[in-house]
>>> print(open('entry00.cif').read())   # mmCIF, C-alpha atoms and all ligand atoms
data_work
#
loop_
_atom_site.label_atom_id
_atom_site.label_comp_id
_atom_site.auth_asym_id
_atom_site.auth_seq_id
_atom_site.Cartn_x
_atom_site.Cartn_y
_atom_site.Cartn_z
CA MET A 1 0.00 0.00 0.00
CA SER A 2 1.40 3.40 -0.96
CA GLY A 3 1.05 6.64 0.96
CA LEU A 4 1.44 8.56 -2.28
CA THR A 5 -1.52 9.85 -4.26
CA THR A 6 -1.47 9.23 -7.98
CA ALA A 7 -4.22 11.32 -9.56
CA HIS A 8 -5.84 14.70 -9.34
CA ALA A 9 -9.39 14.68 -8.01
CA ALA A 10 -12.32 15.17 -10.37
CA LYS A 11 -14.33 17.96 -8.77
CA GLY A 12 -17.35 16.46 -7.03
CA LEU A 13 -15.88 13.02 -7.89
CA GLU A 14 -17.55 13.31 -11.28
CA GLY A 15 -17.11 10.14 -13.29
CA VAL A 16 -15.22 8.40 -10.48
CA VAL A 17 -16.22 4.76 -9.98
CA ALA A 18 -16.01 4.32 -6.22
CA THR A 19 -17.35 0.82 -5.63
CA THR A 20 -18.80 -2.28 -7.24
CA SER A 21 -22.51 -2.87 -6.74
CA SER A 22 -25.12 -5.26 -8.10
CA ILE A 23 -28.12 -3.19 -7.01
CA CYS A 24 -28.74 -0.38 -9.46
CA TYR A 25 -27.84 0.03 -13.14
CA ILE A 26 -27.82 3.48 -14.76
CA ASP A 27 -27.00 4.42 -18.33
CA GLY A 28 -26.95 8.21 -18.24
CA ASP A 29 -26.64 8.59 -22.02
CA ARG A 30 -29.65 6.44 -22.83
CA GLY A 31 -31.70 7.45 -19.77
CA VAL A 32 -31.86 3.93 -18.37
CA LEU A 33 -32.42 3.12 -14.71
CA ALA A 34 -32.85 -0.46 -13.53
CA TYR A 35 -32.96 -2.17 -10.14
CA ARG A 36 -31.16 -5.53 -10.23
CA GLY A 37 -31.32 -5.24 -14.03
CA ILE A 38 -35.11 -4.71 -14.21
CA ASP A 39 -36.06 -1.50 -15.99
CA ILE A 40 -37.68 1.13 -13.81
CA HIS A 41 -40.48 1.60 -16.37
CA GLU A 42 -41.46 -2.05 -16.01
CA LEU A 43 -41.34 -1.82 -12.22
CA ALA A 44 -43.40 1.39 -12.20
CA ASP A 45 -46.02 -0.22 -14.44
CA ARG A 46 -46.18 -3.67 -12.85
CA SER A 47 -44.58 -3.83 -9.41
CA SER A 48 -45.36 -2.52 -5.93
CA PHE A 49 -43.13 -0.79 -3.40
CA GLU A 50 -43.12 -3.93 -1.23
CA GLU A 51 -41.98 -6.07 -4.16
CA THR A 52 -39.34 -3.48 -5.06
CA CYS A 53 -38.03 -3.65 -1.48
CA TYR A 54 -37.69 -7.42 -1.82
CA LEU A 55 -35.85 -7.00 -5.11
CA LEU A 56 -33.42 -4.50 -3.61
CA TRP A 57 -32.79 -6.40 -0.37
CA TYR A 58 -32.71 -9.98 -1.64
CA GLY A 59 -31.39 -9.45 -5.18
CA ARG A 60 -34.28 -11.05 -7.08
CA LEU A 61 -38.04 -10.90 -7.45
CA PRO A 62 -39.95 -12.75 -4.73
CA THR A 63 -42.24 -15.73 -5.20
CA ARG A 64 -45.87 -15.16 -4.23
CA ASP A 65 -45.21 -16.58 -0.73
CA GLU A 66 -42.06 -14.56 -0.24
CA LEU A 67 -43.87 -11.37 -1.21
CA ARG A 68 -46.74 -12.20 1.13
CA GLU A 69 -44.27 -12.82 3.94
CA LEU A 70 -42.36 -9.58 3.42
CA THR A 71 -45.58 -7.59 3.13
CA ALA A 72 -46.72 -9.09 6.44
CA ARG A 73 -43.35 -8.34 8.08
CA LEU A 74 -43.48 -4.72 6.94
CA ALA A 75 -47.02 -4.42 8.33
CA GLU A 76 -46.04 -6.08 11.64
CA GLU A 77 -43.20 -3.59 12.07
CA ARG A 78 -45.65 -0.68 11.98
CA ARG A 79 -45.04 0.20 15.60
CA LEU A 80 -43.02 2.79 17.44
CA ASP A 81 -41.93 2.90 21.05
CA ALA A 82 -44.02 5.32 23.12
CA SER A 83 -40.93 7.39 23.86
CA ILE A 84 -40.49 8.09 20.13
CA TYR A 85 -43.94 9.68 20.04
CA GLN A 86 -43.13 11.50 23.26
CA TYR A 87 -39.89 12.79 21.78
CA MET A 88 -41.64 14.01 18.62
CA ARG A 89 -44.15 15.85 20.81
CA SER A 90 -41.32 17.56 22.69
CA LEU A 91 -39.76 19.08 19.56
CA PRO A 92 -40.24 22.77 18.74
CA LYS A 93 -43.43 23.07 16.67
CA ASP A 94 -41.48 24.67 13.84
CA ALA A 95 -38.83 21.93 13.68
CA LEU A 96 -38.31 21.00 10.05
CA PRO A 97 -39.62 17.50 9.34
CA MET A 98 -36.31 16.55 7.71
CA ASP A 99 -34.35 17.59 10.82
CA MET A 100 -36.86 15.77 13.00
CA LEU A 101 -36.46 12.64 10.86
CA ARG A 102 -32.65 12.70 11.05
CA THR A 103 -32.73 12.93 14.84
CA VAL A 104 -35.60 10.51 15.46
CA VAL A 105 -34.11 7.83 13.20
CA SER A 106 -30.92 8.07 15.21
CA ALA A 107 -32.96 7.64 18.42
CA LEU A 108 -34.72 4.54 17.00
CA SER A 109 -31.53 2.56 17.54
CA PHE A 110 -32.08 2.63 21.33
CA PHE A 111 -35.27 0.61 20.90
CA ASP A 112 -34.08 -1.75 18.18
CA PRO A 113 -34.06 -5.34 19.48
CA GLU A 114 -30.89 -6.00 17.46
CA GLU A 115 -29.16 -2.73 18.26
CA ARG A 116 -25.77 -4.32 18.92
CA LYS A 117 -25.88 -6.71 15.97
CA ASN A 118 -24.38 -5.77 12.63
CA ASP A 119 -24.57 -9.05 10.71
CA HIS A 120 -26.40 -9.65 7.39
CA GLU A 121 -29.56 -11.11 8.97
CA ALA A 122 -29.86 -8.44 11.65
CA ASN A 123 -29.40 -5.73 9.05
CA LEU A 124 -32.14 -7.22 6.87
CA HIS A 125 -34.44 -7.08 9.89
CA LYS A 126 -33.39 -3.49 10.50
CA ALA A 127 -34.07 -2.65 6.85
CA ILE A 128 -37.64 -3.92 7.19
CA ARG A 129 -38.12 -2.21 10.54
CA LEU A 130 -36.71 1.13 9.43
CA THR A 131 -38.79 1.13 6.25
CA SER A 132 -41.99 0.75 8.27
CA GLN A 133 -40.93 3.11 11.03
CA ILE A 134 -39.76 5.98 8.83
CA ALA A 135 -43.12 6.14 7.04
CA MET A 136 -44.93 6.18 10.41
CA ILE A 137 -42.63 8.85 11.82
CA VAL A 138 -43.09 11.23 8.87
CA ALA A 139 -46.88 10.86 8.91
CA SER A 140 -47.23 11.02 12.70
CA TYR A 141 -44.95 14.02 13.10
CA ASP A 142 -47.01 16.01 10.61
CA ARG A 143 -50.13 15.37 12.69
CA ILE A 144 -48.38 16.08 15.98
CA ARG A 145 -47.05 19.45 14.80
CA LYS A 146 -50.54 20.40 13.58
CA GLY A 147 -52.07 19.48 16.94
CA LYS A 148 -53.98 16.53 15.44
CA ALA A 149 -54.34 13.05 16.93
CA VAL A 150 -51.87 10.46 15.68
CA VAL A 151 -53.56 7.84 13.49
CA ASP A 152 -52.99 4.16 14.29
CA PRO A 153 -51.48 2.13 11.48
CA ASP A 154 -53.71 -0.26 9.57
CA ARG A 155 -51.80 -3.49 9.03
CA SER A 156 -54.16 -4.62 6.30
CA LEU A 157 -53.10 -1.77 4.02
CA SER A 158 -50.18 -1.48 1.62
CA HIS A 159 -47.19 0.60 2.63
CA ALA A 160 -48.35 3.49 0.43
CA ALA A 161 -51.98 3.38 1.59
CA ASN A 162 -51.01 3.12 5.25
CA PHE A 163 -48.73 6.14 4.93
CA LEU A 164 -51.53 8.24 3.40
CA LEU A 165 -53.98 7.01 6.03
CA MET A 166 -51.64 7.94 8.87
CA LEU A 167 -50.94 11.30 7.25
CA ASN A 168 -54.42 12.41 6.22
CA GLY A 169 -56.57 10.47 8.69
CA GLU A 170 -58.59 8.79 5.96
CA ARG A 171 -58.13 5.85 3.65
CA PRO A 172 -56.77 7.07 0.33
CA SER A 173 -58.49 6.48 -2.98
CA LYS A 174 -57.08 3.67 -5.14
CA THR A 175 -55.71 6.35 -7.50
CA ALA A 176 -53.85 8.16 -4.71
CA GLU A 177 -52.53 4.88 -3.27
CA ARG A 178 -51.21 3.75 -6.65
CA ALA A 179 -49.72 7.18 -7.41
CA LEU A 180 -47.74 7.15 -4.17
CA ASP A 181 -46.81 3.50 -4.66
CA ILE A 182 -45.31 4.35 -8.07
CA ALA A 183 -43.51 7.40 -6.65
CA LEU A 184 -42.01 5.17 -3.94
CA ILE A 185 -40.85 2.65 -6.55
CA LEU A 186 -39.26 5.41 -8.64
CA HIS A 187 -37.35 6.91 -5.69
CA ALA A 188 -36.26 3.61 -4.12
CA ASP A 189 -32.68 3.52 -5.33
CA HIS A 190 -30.26 5.44 -7.49
CA GLU A 191 -26.85 3.85 -7.40
CA LEU A 192 -24.14 5.91 -5.70
CA ASN A 193 -26.05 9.16 -5.21
CA ALA A 194 -24.74 11.40 -2.42
CA SER A 195 -26.88 10.05 0.43
CA THR A 196 -26.27 6.41 -0.50
CA PHE A 197 -22.55 7.10 -0.69
CA ALA A 198 -22.75 8.69 2.77
CA ALA A 199 -24.56 5.61 4.08
CA ARG A 200 -21.93 3.28 2.60
CA VAL A 201 -19.03 5.36 3.95
CA THR A 202 -20.56 5.23 7.43
CA ALA A 203 -21.34 1.52 7.23
CA ALA A 204 -17.81 0.76 6.00
CA THR A 205 -16.32 1.92 9.30
CA LEU A 206 -18.30 -0.98 10.87
CA SER A 207 -20.50 1.55 12.63
CA ASP A 208 -24.15 0.42 12.42
CA MET A 209 -27.28 0.61 10.26
CA HIS A 210 -28.92 3.44 12.22
CA SER A 211 -25.77 5.57 12.02
CA ALA A 212 -25.53 4.93 8.27
CA ILE A 213 -29.16 5.92 7.71
CA THR A 214 -28.79 8.99 9.91
CA SER A 215 -25.84 10.09 7.74
CA ALA A 216 -27.90 9.46 4.63
CA ILE A 217 -30.87 11.50 5.84
CA GLY A 218 -28.63 14.45 6.70
CA CYS A 219 -27.17 14.21 3.21
CA LEU A 220 -30.53 13.91 1.43
CA LYS A 221 -31.72 17.15 3.01
CA GLY A 222 -29.52 19.40 0.87
CA PRO A 223 -31.16 21.32 -2.00
CA LEU A 224 -28.66 19.91 -4.50
CA HIS A 225 -29.97 16.43 -3.60
CA GLY A 226 -33.37 15.45 -2.16
CA GLY A 227 -34.17 18.93 -0.90
CA ALA A 228 -34.68 20.02 -4.50
CA ASN A 229 -38.31 18.82 -4.58
CA GLU A 230 -39.24 21.28 -1.80
CA ALA A 231 -37.30 24.06 -3.52
CA VAL A 232 -39.29 23.39 -6.73
CA PHE A 233 -42.61 23.85 -5.01
CA ASN A 234 -41.43 26.92 -3.12
CA ILE A 235 -40.95 28.50 -6.55
CA PHE A 236 -44.48 27.50 -7.65
CA GLU A 237 -45.88 29.08 -4.49
CA ALA A 238 -43.85 32.24 -5.00
CA ILE A 239 -45.15 32.45 -8.59
CA ASP A 240 -48.68 32.01 -7.32
CA ARG A 241 -48.34 34.58 -4.54
CA SER A 242 -46.83 37.21 -6.80
CA GLY A 243 -49.14 36.49 -9.74
CA SER A 244 -46.03 36.21 -11.97
CA ASP A 245 -45.78 34.38 -15.23
CA PRO A 246 -43.90 31.09 -14.48
CA VAL A 247 -41.46 31.55 -17.37
CA ALA A 248 -40.75 35.19 -16.47
CA TYR A 249 -40.13 34.08 -12.87
CA VAL A 250 -37.48 31.49 -13.74
CA LYS A 251 -35.95 33.82 -16.36
CA ALA A 252 -35.41 36.32 -13.54
CA MET A 253 -33.84 33.60 -11.42
CA LEU A 254 -31.43 32.72 -14.21
CA ALA A 255 -30.60 36.40 -14.70
CA GLN A 256 -29.56 36.42 -11.03
CA LYS A 257 -27.34 33.36 -11.75
CA LYS A 258 -29.59 31.16 -9.64
CA ARG A 259 -30.08 27.48 -10.35
CA ILE A 260 -33.54 26.20 -11.12
CA PRO A 261 -34.27 23.33 -8.75
CA GLY A 262 -35.52 20.16 -10.41
CA PHE A 263 -33.30 20.54 -13.48
CA GLY A 264 -29.96 19.06 -14.42
CA HIS A 265 -28.33 15.86 -13.31
CA ARG A 266 -24.80 14.64 -12.77
CA VAL A 267 -25.42 11.30 -14.47
CA TYR A 268 -28.29 11.70 -16.97
CA HIS A 269 -27.51 13.49 -20.21
CA THR A 270 -30.99 12.85 -21.46
CA GLU A 271 -34.36 12.66 -19.73
CA ASP A 272 -34.28 11.24 -16.21
CA PRO A 273 -36.48 8.13 -16.71
CA ARG A 274 -38.19 8.80 -13.38
CA ALA A 275 -39.34 12.21 -14.59
CA THR A 276 -41.19 10.54 -17.48
CA HIS A 277 -43.53 8.77 -15.03
CA LEU A 278 -43.82 11.63 -12.59
CA ARG A 279 -44.77 14.08 -15.38
CA GLN A 280 -47.61 11.77 -16.38
CA MET A 281 -48.70 11.32 -12.76
CA SER A 282 -48.58 15.04 -12.11
CA ARG A 283 -50.77 15.64 -15.20
CA ASP A 284 -53.29 12.90 -14.32
CA LEU A 285 -53.54 13.79 -10.63
CA GLY A 286 -53.83 17.48 -11.42
CA ARG A 287 -56.74 16.79 -13.76
CA SER A 288 -58.54 14.29 -11.53
CA SER A 289 -58.22 16.45 -8.41
CA GLY A 290 -59.29 19.64 -10.17
CA GLN A 291 -55.90 21.27 -9.41
CA PRO A 292 -54.20 21.42 -12.81
CA LYS A 293 -52.36 24.66 -11.94
CA TRP A 294 -49.17 23.07 -10.56
CA PHE A 295 -48.81 20.84 -13.58
CA GLU A 296 -49.34 23.79 -15.90
CA TYR A 297 -46.62 25.81 -14.13
CA SER A 298 -44.31 22.78 -14.33
CA GLN A 299 -44.93 22.28 -18.00
CA ALA A 300 -44.31 25.92 -18.91
CA ILE A 301 -41.08 26.03 -16.90
CA GLU A 302 -39.84 22.71 -18.28
CA GLU A 303 -40.41 23.79 -21.86
CA PHE A 304 -38.50 27.02 -21.31
CA ILE A 305 -35.55 25.51 -19.39
CA LYS A 306 -35.19 22.76 -21.94
CA ALA A 307 -35.06 25.22 -24.82
CA ASP A 308 -33.02 27.93 -23.10
CA LYS A 309 -30.57 25.97 -20.92
CA LYS A 310 -30.70 22.53 -22.60
CA LEU A 311 -31.40 21.07 -19.18
CA ASN A 312 -33.83 18.22 -18.55
CA ALA A 313 -36.20 17.91 -15.62
CA ASN A 314 -34.98 15.45 -12.99
CA VAL A 315 -36.87 13.27 -10.51
CA ASP A 316 -37.54 16.18 -8.17
CA PHE A 317 -39.27 18.45 -10.66
CA TYR A 318 -42.52 16.59 -11.21
CA SER A 319 -42.51 14.85 -7.82
CA ALA A 320 -43.16 18.29 -6.32
CA SER A 321 -46.54 18.84 -8.01
CA THR A 322 -47.39 15.13 -7.67
CA TYR A 323 -46.90 15.15 -3.89
CA ARG A 324 -48.77 18.43 -3.43
CA THR A 325 -51.75 17.10 -5.33
CA LEU A 326 -51.72 14.06 -3.03
CA GLY A 327 -52.26 16.46 -0.10
CA ILE A 328 -48.67 16.30 1.15
CA ASP A 329 -47.23 19.51 2.66
CA VAL A 330 -44.19 21.01 0.96
CA ASP A 331 -41.78 20.47 3.85
CA LEU A 332 -42.69 16.77 3.84
CA PHE A 333 -41.57 16.24 0.24
CA THR A 334 -37.97 15.40 1.13
CA PRO A 335 -39.01 13.21 4.08
CA VAL A 336 -41.30 11.36 1.63
CA PHE A 337 -38.24 10.83 -0.58
CA ALA A 338 -36.63 9.21 2.49
CA VAL A 339 -39.77 7.07 3.05
CA SER A 340 -38.85 5.44 -0.25
CA ARG A 341 -35.05 5.71 -0.39
CA ILE A 342 -34.69 3.89 2.93
CA SER A 343 -35.11 0.72 0.86
CA GLY A 344 -32.11 1.53 -1.33
CA TRP A 345 -29.96 2.90 1.48
CA THR A 346 -30.41 -0.24 3.55
CA ALA A 347 -29.75 -2.50 0.52
CA HIS A 348 -26.47 -0.64 -0.06
CA VAL A 349 -25.44 -0.86 3.61
CA ILE A 350 -26.03 -4.62 3.52
CA GLU A 351 -24.09 -4.96 0.27
CA GLN A 352 -21.23 -2.86 1.65
CA LEU A 353 -20.95 -5.00 4.78
CA ASP A 354 -21.12 -8.26 2.83
CA ASP A 355 -17.73 -7.43 1.32
CA ASN A 356 -16.45 -4.57 3.39
CA ARG A 357 -13.37 -2.45 3.27
CA LEU A 358 -12.98 0.93 4.95
CA ILE A 359 -13.73 3.74 2.47
CA ARG A 360 -10.93 6.20 2.91
CA PRO A 361 -9.91 8.13 -0.20
CA ARG A 362 -7.17 10.76 -0.35
CA ALA A 363 -7.25 14.50 -0.96
CA ASP A 364 -5.20 16.30 -3.56
CA TYR A 365 -3.34 18.62 -1.17
CA THR A 366 -3.26 22.26 -2.33
CA GLY A 367 -2.15 23.99 0.92
CA PRO A 368 1.17 25.67 1.80
CA SER A 369 4.10 23.52 0.78
CA TYR A 370 5.68 21.21 3.29
CA PRO A 371 7.58 21.91 5.47
CA ASN A 372 5.89 25.16 6.45
CA ARG A 373 7.56 26.80 9.46
CA TYR A 374 5.74 27.13 12.76
CA ILE A 375 6.14 30.76 13.87
CA PRO A 376 5.79 31.24 17.63
CA LEU A 377 2.84 33.42 18.64
CA GLU A 378 5.04 36.26 19.92
CA ALA A 379 6.88 36.41 16.59
CA ARG A 380 3.75 36.65 14.41
C1 LIG B 1 -28.05 18.20 -9.91
C2 LIG B 1 -26.88 19.15 -9.98
C3 LIG B 1 -26.39 19.44 -8.56
C4 LIG B 1 -25.76 18.49 -10.77
O1 LIG B 1 -24.70 19.31 -10.69
P1 LIG B 1 -23.33 19.08 -11.47
O2 LIG B 1 -23.25 17.74 -12.08
O3 LIG B 1 -22.26 19.45 -10.52
O4 LIG B 1 -23.46 20.09 -12.68
P2 LIG B 1 -22.74 21.46 -12.77
O5 LIG B 1 -22.93 22.22 -11.49
O6 LIG B 1 -21.32 21.21 -13.18
O7 LIG B 1 -23.57 22.16 -13.93
C5 LIG B 1 -23.18 22.18 -15.29
C6 LIG B 1 -23.72 23.46 -15.93
O8 LIG B 1 -25.13 23.44 -15.97
C7 LIG B 1 -25.67 24.50 -15.20
N1 LIG B 1 -26.78 23.99 -14.41
C8 LIG B 1 -26.87 22.75 -13.90
N2 LIG B 1 -28.03 22.60 -13.26
C9 LIG B 1 -28.66 23.79 -13.36
C10 LIG B 1 -29.91 24.26 -12.90
N3 LIG B 1 -30.71 23.47 -12.20
N4 LIG B 1 -30.27 25.51 -13.19
C11 LIG B 1 -29.45 26.31 -13.90
N5 LIG B 1 -28.26 25.92 -14.38
C12 LIG B 1 -27.88 24.67 -14.10
C13 LIG B 1 -24.55 24.97 -14.27
O9 LIG B 1 -24.66 26.31 -13.91
C14 LIG B 1 -23.34 24.72 -15.16
O10 LIG B 1 -23.25 25.74 -16.09
P3 LIG B 1 -21.84 26.42 -16.40
O11 LIG B 1 -20.99 25.30 -16.95
O12 LIG B 1 -22.19 27.48 -17.38
O13 LIG B 1 -21.35 26.93 -15.09
C15 LIG B 1 -27.29 20.47 -10.68
O14 LIG B 1 -27.81 20.20 -11.96
C16 LIG B 1 -28.26 21.30 -9.86
O15 LIG B 1 -27.83 22.08 -9.01
N6 LIG B 1 -29.60 21.09 -10.07
C17 LIG B 1 -30.59 21.75 -9.26
C18 LIG B 1 -30.80 20.98 -7.97
C19 LIG B 1 -31.52 19.69 -8.22
O16 LIG B 1 -32.51 19.62 -8.91
N7 LIG B 1 -31.02 18.62 -7.56
C20 LIG B 1 -31.64 17.32 -7.63
C21 LIG B 1 -30.86 16.39 -8.46
S1 LIG B 1 -31.71 14.86 -8.72
#
>>> encode(input="entry00.cif", output="structure tokens")
Amino acid sequence: MSGLTTAHAAKGLEGVVATTSSICYIDGDRGVLAYRGIDIHELADRSSFEETCYLLWYGRLPTRDELRELTARLAEERRLDASIYQYMRSLPKDALPMDMLRTVVSALSFFDPEERKNDHEANLHKAIRLTSQIAMIVASYDRIRKGKAVVDPDRSLSHAANFLLMLNGERPSKTAERALDIALILHADHELNASTFAARVTAATLSDMHSAITSAIGCLKGPLHGGANEAVFNIFEAIDRSGSDPVAYVKAMLAQKKRIPGFGHRVYHTEDPRATHLRQMSRDLGRSSGQPKWFEYSQAIEEFIKADKKLNANVDFYSASTYRTLGIDVDLFTPVFAVSRISGWTAHVIEQLDDNRLIRPRADYTGPSYPNRYIPLEAR
């Protein structure tokens, strides 16, 4: 092993292959995304979030019995220790849901029956548990901060339907359930995105699943990553409030050298395949709910940014209007991303630990040359 570095760093590690993985395949030039080789379009059309979880965690599609068993396990794990609810109630009422989630997920480890175990089986159990718990936490916290009663989970419902029930206090329509289910499938994994990388780096120190997921949630929050979906809708609301024309509004942002959230991608040089589905969902939900405005804003902005900046919409652009039309508050959009991405994060942590080596890259040092003299304080 050499202590010498050999190459200059690509800024933002662009194009750097940092690990091997058999979970997610992306072809950024052709706009292909596949989980375990299965195209995301096929999964969005034919699968469910529960089945997608199985695929990510176990590496293949489940049999009917295996799917039934995992669905039952996810439903069984819909429970939280009373002190988690108590803790959520003790938070400042204006605590951001994403900050709440980061801290509460960290606290979940104290109540995990396998807290001290870090083997493959225990981590699969934690993956199932965390997937159920995170959805409950996001929904329950929203009710707590609004002074509403927490809704008990319904173990007969799908993951998506139970989340909407616990959030809105009523069973969702089949259309809303399926829309969220598809959104959860589309967000479930995305290779070595920033939060997944953070999770793998944490796991590789032989820390633990909850620490890895806490790292990932902190990372997802940023507006260059998962936080972009909230930033998109904040723009729609600002357009609405000011009565501006959507195109004029984003033109003004560009003139101020601002980035337009929901556009551009490090890996895709063509349409983000997830955006294709979310655009359709945003259009359909907008029409069926009688709220076509958000889709219309989105469409006008997309057309302009595509023509003017040659940038494509990414996953966050149309998820914003989709989530809003499902009755989800804007500051829950990124937590809802986590409700889905927990499946991919945990799959990556398990994969990392199955063949682990500490992740410890080097920096291309650009500071004062060595040796730099230490000047005593009195001589400075
Ligand atoms: C996703 C993102 C961080 C990728 O960044 P990146 O790979 O580092 O790309 P770069 O920052 O090198 O951008 C390349 C060029 O496109 C421009 N660009 C990229 N995304 C842009 C956006 N959303 N709005 C305006 N310009 C954008 C950059 O200004 C840069 O132009 P320049 O070369 O003239 O300076 C970036 O596209 C972005 O900030 N998007 C908005 C946030 C977002 O939607 N994030 C969610 C991603 S799924």
>>> residues_near_ligand(input="entry00.cif", ligand="ligand LIG 1 (chain B)", cutoff="9 Å", atoms="all atoms listed in the file", output="ChimeraX atom specification")
/A:11-12,14,193,222-229,231-232,253-254,257-267,272,305,309-317
>>> closest_residue(input="entry00.cif", among="A:Ala275, A:Ile342, A:Ala179, A:His120", to="Ala216 (chain A)", atoms="all atoms listed in the file")
A:Ile342
>>> residues_around(input="entry00.cif", residues="Thr205 (chain A)", least_positions_apart="3", cutoff="12 Å", atoms="only C-alpha atoms", output="list in words")
Asn118, Ala198, Ala199, Arg200, Val201, Thr202, Asp208, Met209, Ser211, Ala212, Val349, Gln352, Leu353, Asn356, Arg357, Leu358, Ile359 and Arg360 of chain A
>>> write_last_selection(input="entry00.cif", atoms="C-alpha atoms", output="CSV table (one decimal), in the coordinates of the input")
chain,number,residue,atom,x,y,z
A,118,ASN,CA,-24.4,-5.8,12.6
A,198,ALA,CA,-22.8,8.7,2.8
A,199,ALA,CA,-24.6,5.6,4.1
A,200,ARG,CA,-21.9,3.3,2.6
A,201,VAL,CA,-19.0,5.4,4.0
A,202,THR,CA,-20.6,5.2,7.4
A,208,ASP,CA,-24.2,0.4,12.4
A,209,MET,CA,-27.3,0.6,10.3
A,211,SER,CA,-25.8,5.6,12.0
A,212,ALA,CA,-25.5,4.9,8.3
A,349,VAL,CA,-25.4,-0.9,3.6
A,352,GLN,CA,-21.2,-2.9,1.6
A,353,LEU,CA,-21.0,-5.0,4.8
A,356,ASN,CA,-16.4,-4.6,3.4
A,357,ARG,CA,-13.4,-2.4,3.3
A,358,LEU,CA,-13.0,0.9,5.0
A,359,ILE,CA,-13.7,3.7,2.5
A,360,ARG,CA,-10.9,6.2,2.9
>>> residues_around(input="entry00.cif", residues="Val105 (chain A)", least_positions_apart="4", cutoff="8 Å", atoms="only C-alpha atoms", output="VMD selection string")
chain A and resid 101 109 134 210 213 to 214
>>> residues_around(input="entry00.cif", residues="region 297-300 of chain A", least_positions_apart="3", cutoff="6 Å", atoms="all atoms listed in the file", output="JSON, numbers by chain")
{"A": [246, 294, 303]}
>>> residues_near_point(input="entry00.cif", point="(-39.1, 22.7, 0.0)", cutoff="6 Å", atoms="all atoms listed in the file", output="list in words")
Glu230, Ala231, Asn234, Val330 and Asp331 of chain A
>>> atom_distance(input="entry00.cif", atom1="CA of Phe236 (chain A)", atom2="CA of Glu177 (chain A)")
24.4 Å
>>> closest_atom_pairs(input="entry00.cif", of="region 102-170 of chain A", to="region 29-51 of chain A", cutoff="12 Å", atoms="all atoms listed in the file", output="CSV")
residue,atom,partner,partner_atom,distance
A:Ile128,CA,A:Glu50,CA,10.0
A:Thr131,CA,A:Glu50,CA,10.0
A:Ser132,CA,A:Glu50,CA,10.7
A:Leu157,CA,A:Glu50,CA,11.5
A:Ser158,CA,A:Glu50,CA,8.0
A:His159,CA,A:Glu50,CA,7.2
A:Ala160,CA,A:Phe49,CA,7.8
A:Ala161,CA,A:Phe49,CA,11.0
>>> build_atoms(input="entry00.cif", residues="region 168-179 of chain A", atoms="N, CA and C atoms", output="short mmCIF file (atom, residue, chain, number, x, y, z; two decimals), keeping the file's coordinate frame")
data_model
loop_
_atom_site.label_atom_id
_atom_site.label_comp_id
_atom_site.auth_asym_id
_atom_site.auth_seq_id
_atom_site.Cartn_x
_atom_site.Cartn_y
_atom_site.Cartn_z
N ASN A 168 -53.21 11.61 6.46
CA ASN A 168 -54.42 12.41 6.22
C ASN A 168 -55.61 12.01 7.08
N GLY A 169 -55.49 10.88 7.80
CA GLY A 169 -56.57 10.47 8.69
C GLY A 169 -57.72 9.81 7.97
N GLU A 170 -57.55 9.54 6.68
CA GLU A 170 -58.59 8.79 5.96
C GLU A 170 -57.94 7.88 4.93
N ARG A 171 -58.65 6.78 4.65
CA ARG A 171 -58.13 5.85 3.65
C ARG A 171 -58.02 6.54 2.30
N PRO A 172 -56.90 6.39 1.62
CA PRO A 172 -56.77 7.07 0.33
C PRO A 172 -57.59 6.38 -0.76
N SER A 173 -57.85 7.11 -1.82
CA SER A 173 -58.49 6.48 -2.98
C SER A 173 -57.48 5.52 -3.61
N LYS A 174 -57.96 4.62 -4.44
CA LYS A 174 -57.08 3.67 -5.14
C LYS A 174 -56.10 4.44 -6.02
N THR A 175 -56.58 5.55 -6.62
CA THR A 175 -55.71 6.35 -7.50
C THR A 175 -54.56 6.95 -6.70
N ALA A 176 -54.89 7.52 -5.53
CA ALA A 176 -53.85 8.16 -4.71
C ALA A 176 -52.87 7.10 -4.20
N GLU A 177 -53.39 5.96 -3.79
CA GLU A 177 -52.53 4.88 -3.27
C GLU A 177 -51.54 4.44 -4.36
N ARG A 178 -52.08 4.24 -5.56
CA ARG A 178 -51.21 3.75 -6.65
C ARG A 178 -50.21 4.83 -7.06
N ALA A 179 -50.65 6.09 -7.04
CA ALA A 179 -49.72 7.18 -7.41
C ALA A 179 -48.55 7.21 -6.44
#
